[in-house]
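**Q** This is final-v3.cif (mmCIF, C-alpha atoms, pLDDT in the B column; chains and numbers go by the auth columns).
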data_work
loop_
_atom_site.group_PDB
_atom_site.id
_atom_site.type_symbol
_atom_site.label_atom_id
_atom_site.label_comp_id
_atom_site.label_asym_id
_atom_site.label_seq_id
_atom_site.Cartn_x
_atom_site.Cartn_y
_atom_site.Cartn_z
_atom_site.B_iso_or_equiv
_atom_site.auth_seq_id
_atom_site.auth_asym_id
ATOM 1 C CA MET A 1 76.513 307.900 -87.405 60.00 1 N
ATOM 2 C CA PRO A 2 76.602 304.508 -85.720 82.00 2 N
ATOM 3 C CA TYR A 3 74.618 301.499 -86.844 92.00 3 N
ATOM 4 C CA LEU A 4 71.265 301.038 -85.095 94.00 4 N
ATOM 5 C CA ASP A 5 69.606 297.718 -84.250 95.00 5 N
ATOM 6 C CA THR A 6 66.357 297.353 -86.207 95.00 6 N
ATOM 7 C CA SER A 7 65.026 294.678 -83.817 94.00 7 N
ATOM 8 C CA LEU A 8 64.609 292.463 -86.893 96.00 8 N
ATOM 9 C CA LYS A 9 66.353 289.128 -87.176 97.00 9 N
ATOM 10 C CA LEU A 10 67.566 288.042 -90.597 96.00 10 N
ATOM 11 C CA GLU A 11 65.384 284.927 -90.345 96.00 11 N
ATOM 12 C CA GLU A 12 62.302 287.184 -90.040 96.00 12 N
ATOM 13 C CA VAL A 13 62.870 288.586 -93.538 96.00 13 N
ATOM 14 C CA PRO A 14 63.123 285.662 -95.973 96.00 14 N
ATOM 15 C CA VAL A 15 64.727 286.174 -99.377 95.00 15 N
ATOM 16 C CA GLY A 16 62.202 287.886 -101.650 94.00 16 N
ATOM 17 C CA GLU A 17 60.416 289.698 -98.813 96.00 17 N
ATOM 18 C CA SER A 18 60.640 293.178 -97.308 97.00 18 N
ATOM 19 C CA ARG A 19 59.778 294.934 -94.070 97.00 19 N
ATOM 20 C CA CYS A 20 59.430 298.486 -92.817 98.00 20 N
ATOM 21 C CA VAL A 21 61.340 299.564 -89.711 97.00 21 N
ATOM 22 C CA THR A 22 61.186 302.865 -87.876 96.00 22 N
ATOM 23 C CA LEU A 23 64.483 304.249 -86.592 95.00 23 N
ATOM 24 C CA GLY A 24 64.028 307.644 -84.980 91.00 24 N
ATOM 25 C CA ASP A 25 62.079 309.778 -87.459 92.00 25 N
ATOM 26 C CA LEU A 26 62.921 307.513 -90.406 94.00 26 N
ATOM 27 C CA GLN A 27 60.788 304.838 -92.017 97.00 27 N
ATOM 28 C CA ILE A 28 63.173 302.484 -93.784 97.00 28 N
ATOM 29 C CA GLY A 29 62.281 299.688 -96.173 98.00 29 N
ATOM 30 C CA VAL A 30 64.441 296.596 -95.701 98.00 30 N
ATOM 31 C CA PHE A 31 64.585 294.339 -98.754 97.00 31 N
ATOM 32 C CA HIS A 32 66.096 290.845 -98.711 97.00 32 N
ATOM 33 C CA ARG A 33 67.107 289.772 -102.187 95.00 33 N
ATOM 34 C CA LYS A 34 69.314 286.879 -103.246 93.00 34 N
ATOM 35 C CA GLU A 35 72.033 289.525 -103.797 93.00 35 N
ATOM 36 C CA GLY A 36 71.821 290.589 -100.136 94.00 36 N
ATOM 37 C CA LEU A 37 70.024 293.040 -97.880 96.00 37 N
ATOM 38 C CA PHE A 38 69.166 296.565 -98.961 97.00 38 N
ATOM 39 C CA ALA A 39 67.710 299.505 -97.047 97.00 39 N
ATOM 40 C CA ILE A 40 66.133 302.619 -98.582 97.00 40 N
ATOM 41 C CA ASP A 41 63.712 305.310 -97.429 97.00 41 N
ATOM 42 C CA ASN A 42 60.341 303.611 -97.307 98.00 42 N
ATOM 43 C CA ILE A 43 58.320 306.657 -98.394 97.00 43 N
ATOM 44 C CA CYS A 44 57.969 307.280 -102.130 97.00 44 N
ATOM 45 C CA PRO A 45 58.751 310.955 -102.859 95.00 45 N
ATOM 46 C CA HIS A 46 55.913 311.140 -105.402 92.00 46 N
ATOM 47 C CA ARG A 47 52.841 310.594 -103.190 91.00 47 N
ATOM 48 C CA GLY A 48 54.138 308.941 -100.002 91.00 48 N
ATOM 49 C CA ALA A 49 53.412 305.295 -100.765 96.00 49 N
ATOM 50 C CA PRO A 50 55.110 302.629 -98.615 97.00 50 N
ATOM 51 C CA LEU A 51 57.812 301.221 -100.881 97.00 51 N
ATOM 52 C CA HIS A 52 58.209 298.001 -98.892 97.00 52 N
ATOM 53 C CA ASP A 53 54.721 297.047 -100.163 97.00 53 N
ATOM 54 C CA GLY A 54 55.895 297.291 -103.779 97.00 54 N
ATOM 55 C CA MET A 55 56.938 294.518 -106.126 95.00 55 N
ATOM 56 C CA THR A 56 60.660 293.907 -106.435 94.00 56 N
ATOM 57 C CA GLY A 57 62.482 293.106 -109.641 90.00 57 N
ATOM 58 C CA GLU A 58 66.120 292.721 -110.603 90.00 58 N
ATOM 59 C CA GLY A 59 67.648 295.203 -108.168 94.00 59 N
ATOM 60 C CA TYR A 60 64.688 297.583 -107.876 97.00 60 N
ATOM 61 C CA VAL A 61 61.332 298.068 -106.147 98.00 61 N
ATOM 62 C CA THR A 62 58.220 299.391 -107.885 97.00 62 N
ATOM 63 C CA CYS A 63 56.059 301.833 -105.941 97.00 63 N
ATOM 64 C CA PRO A 64 52.700 300.161 -105.267 96.00 64 N
ATOM 65 C CA TRP A 65 50.684 303.308 -106.053 96.00 65 N
ATOM 66 C CA HIS A 66 52.104 304.890 -109.224 94.00 66 N
ATOM 67 C CA GLN A 67 54.801 302.467 -110.412 95.00 67 N
ATOM 68 C CA TRP A 68 57.864 304.624 -109.910 96.00 68 N
ATOM 69 C CA GLN A 69 60.859 302.292 -109.682 97.00 69 N
ATOM 70 C CA PHE A 70 63.792 302.749 -107.297 97.00 70 N
ATOM 71 C CA GLN A 71 67.106 300.921 -107.385 97.00 71 N
ATOM 72 C CA LEU A 72 67.661 299.093 -104.101 97.00 72 N
ATOM 73 C CA GLU A 73 71.411 299.666 -104.112 95.00 73 N
ATOM 74 C CA ASP A 74 71.423 303.468 -104.334 95.00 74 N
ATOM 75 C CA GLY A 75 67.791 304.679 -104.303 96.00 75 N
ATOM 76 C CA VAL A 76 67.921 306.210 -107.808 96.00 76 N
ATOM 77 C CA CYS A 77 64.535 306.402 -109.543 97.00 77 N
ATOM 78 C CA LEU A 78 64.618 304.532 -112.850 96.00 78 N
ATOM 79 C CA ASN A 79 61.717 306.581 -114.251 94.00 79 N
ATOM 80 C CA ILE A 80 63.122 310.007 -113.344 93.00 80 N
ATOM 81 C CA PRO A 81 66.900 309.697 -112.757 84.00 81 N
ATOM 82 C CA ASN A 82 67.273 313.037 -110.956 93.00 82 N
ATOM 83 C CA VAL A 83 64.931 311.738 -108.215 95.00 83 N
ATOM 84 C CA ARG A 84 66.136 309.367 -105.534 95.00 84 N
ATOM 85 C CA VAL A 85 65.378 308.108 -102.070 96.00 85 N
ATOM 86 C CA ALA A 86 68.132 307.742 -99.501 95.00 86 N
ATOM 87 C CA SER A 87 69.840 304.369 -99.243 96.00 87 N
ATOM 88 C CA TYR A 88 71.449 303.066 -96.069 96.00 88 N
ATOM 89 C CA PRO A 89 74.294 300.644 -95.288 96.00 89 N
ATOM 90 C CA VAL A 90 73.160 297.354 -93.730 96.00 90 N
ATOM 91 C CA GLU A 91 75.056 294.883 -91.527 96.00 91 N
ATOM 92 C CA ILE A 92 74.144 291.562 -89.970 96.00 92 N
ATOM 93 C CA ARG A 93 75.375 291.155 -86.388 96.00 93 N
ATOM 94 C CA ASP A 94 74.704 287.866 -84.611 96.00 94 N
ATOM 95 C CA GLY A 95 71.693 287.305 -86.866 96.00 95 N
ATOM 96 C CA ALA A 96 70.245 290.788 -86.255 97.00 96 N
ATOM 97 C CA ILE A 97 69.797 293.463 -88.941 97.00 97 N
ATOM 98 C CA TRP A 98 71.560 296.762 -88.195 97.00 98 N
ATOM 99 C CA ILE A 99 71.262 299.919 -90.330 97.00 99 N
ATOM 100 C CA ASN A 100 73.459 302.997 -90.449 95.00 100 N
ATOM 101 C CA THR A 101 70.963 305.868 -90.668 92.00 101 N
ATOM 102 C CA GLU A 102 73.521 308.124 -92.330 85.00 102 N
ATOM 103 C CA PRO A 103 72.234 307.879 -95.914 69.00 103 N
ATOM 104 C CA GLN A 104 74.540 306.862 -98.748 74.00 104 N
ATOM 105 C CA GLY A 105 72.527 308.806 -101.302 59.00 105 N
ATOM 106 C CA ALA A 106 70.920 312.137 -100.429 50.00 106 N
ATOM 107 C CA LYS A 107 67.392 312.904 -101.548 49.00 107 N
ATOM 108 C CA LYS A 108 67.107 315.282 -104.469 43.00 108 N
#
Would you kindly transcribe this structure into structure tokens?
**A**
Amino acid sequence: MPYLDTSLKLEEVPVGESRCVTLGDLQIGVFHRKEGLFAIDNICPHRGAPLHDGMTGEGYVTCPWHQWQFQLEDGVCLNIPNVRVASYPVEIRDGAIWINTEPQGAKK
């Protein structure tokens, strides 16, 4: 699957912040950390909370509703390792954020 333009510019997502973008039927959380940009499904599989509203830590985001934690790199849940959200490759092109909507990690 080709990369899709999110219509977000890198400068619109400062380090330490996140945004939600909709690409087709997907809601994707975009997280800008000092380690780089990460994209995962934005909907928590537990109760549907928006993950981009959660607090981020060292390589993970904590669900704002029930504190499930998901690794930003691969979407694996730190609380229940057999649960994960899809993660997506991210590229920066001329200052714009592009996401490949073919997930790297399938939901379980």
**Q** Check the smallest atom-to-atom distance from each of N:Met55, N:Ile43, N:Cys63, N:Leu8 to Asp25 (chain N) using all atoms listed in the file, then report the winner.
**A**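 Smallest distance to Asp25 (chain N) is found for N:Ile43.
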**Q** Run the PyMOL selection byres ((chain N and resi 52) around 9) mentally over the shown coordinates, then write out the matched residues as a list in words, using the chain letters and numbers from the document.
**A**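 With the PyMOL selection byres ((chain N and resi 52) around 9) on this model, the match is Glu17, Ser18, Arg19, Cys20, Ile28, Gly29, Val30, Phe31, Asn42, Ile43, Ala49, Pro50, Leu51, Asp53, Gly54, Met55, Thr56, Val61, Cys63 and Pro64 of chain N.
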**Q** For the residues selected in the previous step, produce a file with C-alpha atoms as a compact mmCIF listing (two decimals), keeping the file's coordinate frame.
**A**
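To be explicit, this is the file written out as out_38.txt:
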# COMPACT_ATOMS: atom_id res chain seq x y z
CA GLU N 17 60.42 289.70 -98.81
CA SER N 18 60.64 293.18 -97.31
CA ARG N 19 59.78 294.93 -94.07
CA CYS N 20 59.43 298.49 -92.82
CA ILE N 28 63.17 302.48 -93.78
CA GLY N 29 62.28 299.69 -96.17
CA VAL N 30 64.44 296.60 -95.70
CA PHE N 31 64.58 294.34 -98.75
CA ASN N 42 60.34 303.61 -97.31
CA ILE N 43 58.32 306.66 -98.39
CA ALA N 49 53.41 305.30 -100.76
CA PRO N 50 55.11 302.63 -98.62
CA LEU N 51 57.81 301.22 -100.88
CA ASP N 53 54.72 297.05 -100.16
CA GLY N 54 55.90 297.29 -103.78
CA MET N 55 56.94 294.52 -106.13
CA THR N 56 60.66 293.91 -106.44
CA VAL N 61 61.33 298.07 -106.15
CA CYS N 63 56.06 301.83 -105.94
CA PRO N 64 52.70 300.16 -105.27
**Q** Any chance you could work out the residue set of the PyMOL selection byres ((chain N and resi 34) around 8) here, as a list in words?
**A**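 So the PyMOL selection byres ((chain N and resi 34) around 8), applied here, picks out Val15, Gly16, His32, Arg33, Glu35 and Gly36 of chain N.
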**Q** Convert the current residue selection to file output with C-alpha atoms, as a PDB file, in the frame of the given file.
**A**
ATOM      1  CA  VAL N  15      64.727 286.174 -99.377  1.00 95.00           C
ATOM      2  CA  GLY N  16      62.202 287.886-101.650  1.00 94.00           C
ATOM      3  CA  HIS N  32      66.096 290.845 -98.711  1.00 97.00           C
ATOM      4  CA  ARG N  33      67.107 289.772-102.187  1.00 95.00           C
ATOM      5  CA  GLU N  35      72.033 289.525-103.797  1.00 93.00           C
ATOM      6  CA  GLY N  36      71.821 290.589-100.136  1.00 94.00           C
TER       7      GLY N  36
END
**Q** With distances taken over only C-alpha atoms, which of N:Leu72, N:Asp41, N:Leu4, N:Gly57 is nearest to Leu23 (chain N)?
**A**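 Once distances to Leu23 (chain N) are computed over only C-alpha atoms, the minimum belongs to N:Leu4.
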**Q** Mind checking which residues fall within 9 Å of Glu73 (chain N), counting all atoms listed in the file, ignoring those fewer than 3 positions away in the same chain, and posting them as a list in words?
**A** Phe38, Ala39, Ile40, Gly59, Tyr60, Phe70, Val76, Ser87 and Tyr88 of chain N
**Q** So that I can see what lies close to Asp5 (chain N), please list as an MDAnalysis selection string the residues with an atom at most 8 Å from it, counting all atoms listed in the file and leaving out residues fewer than 3 positions away in the same chain.
**A** chainID N and resid 8 96:99
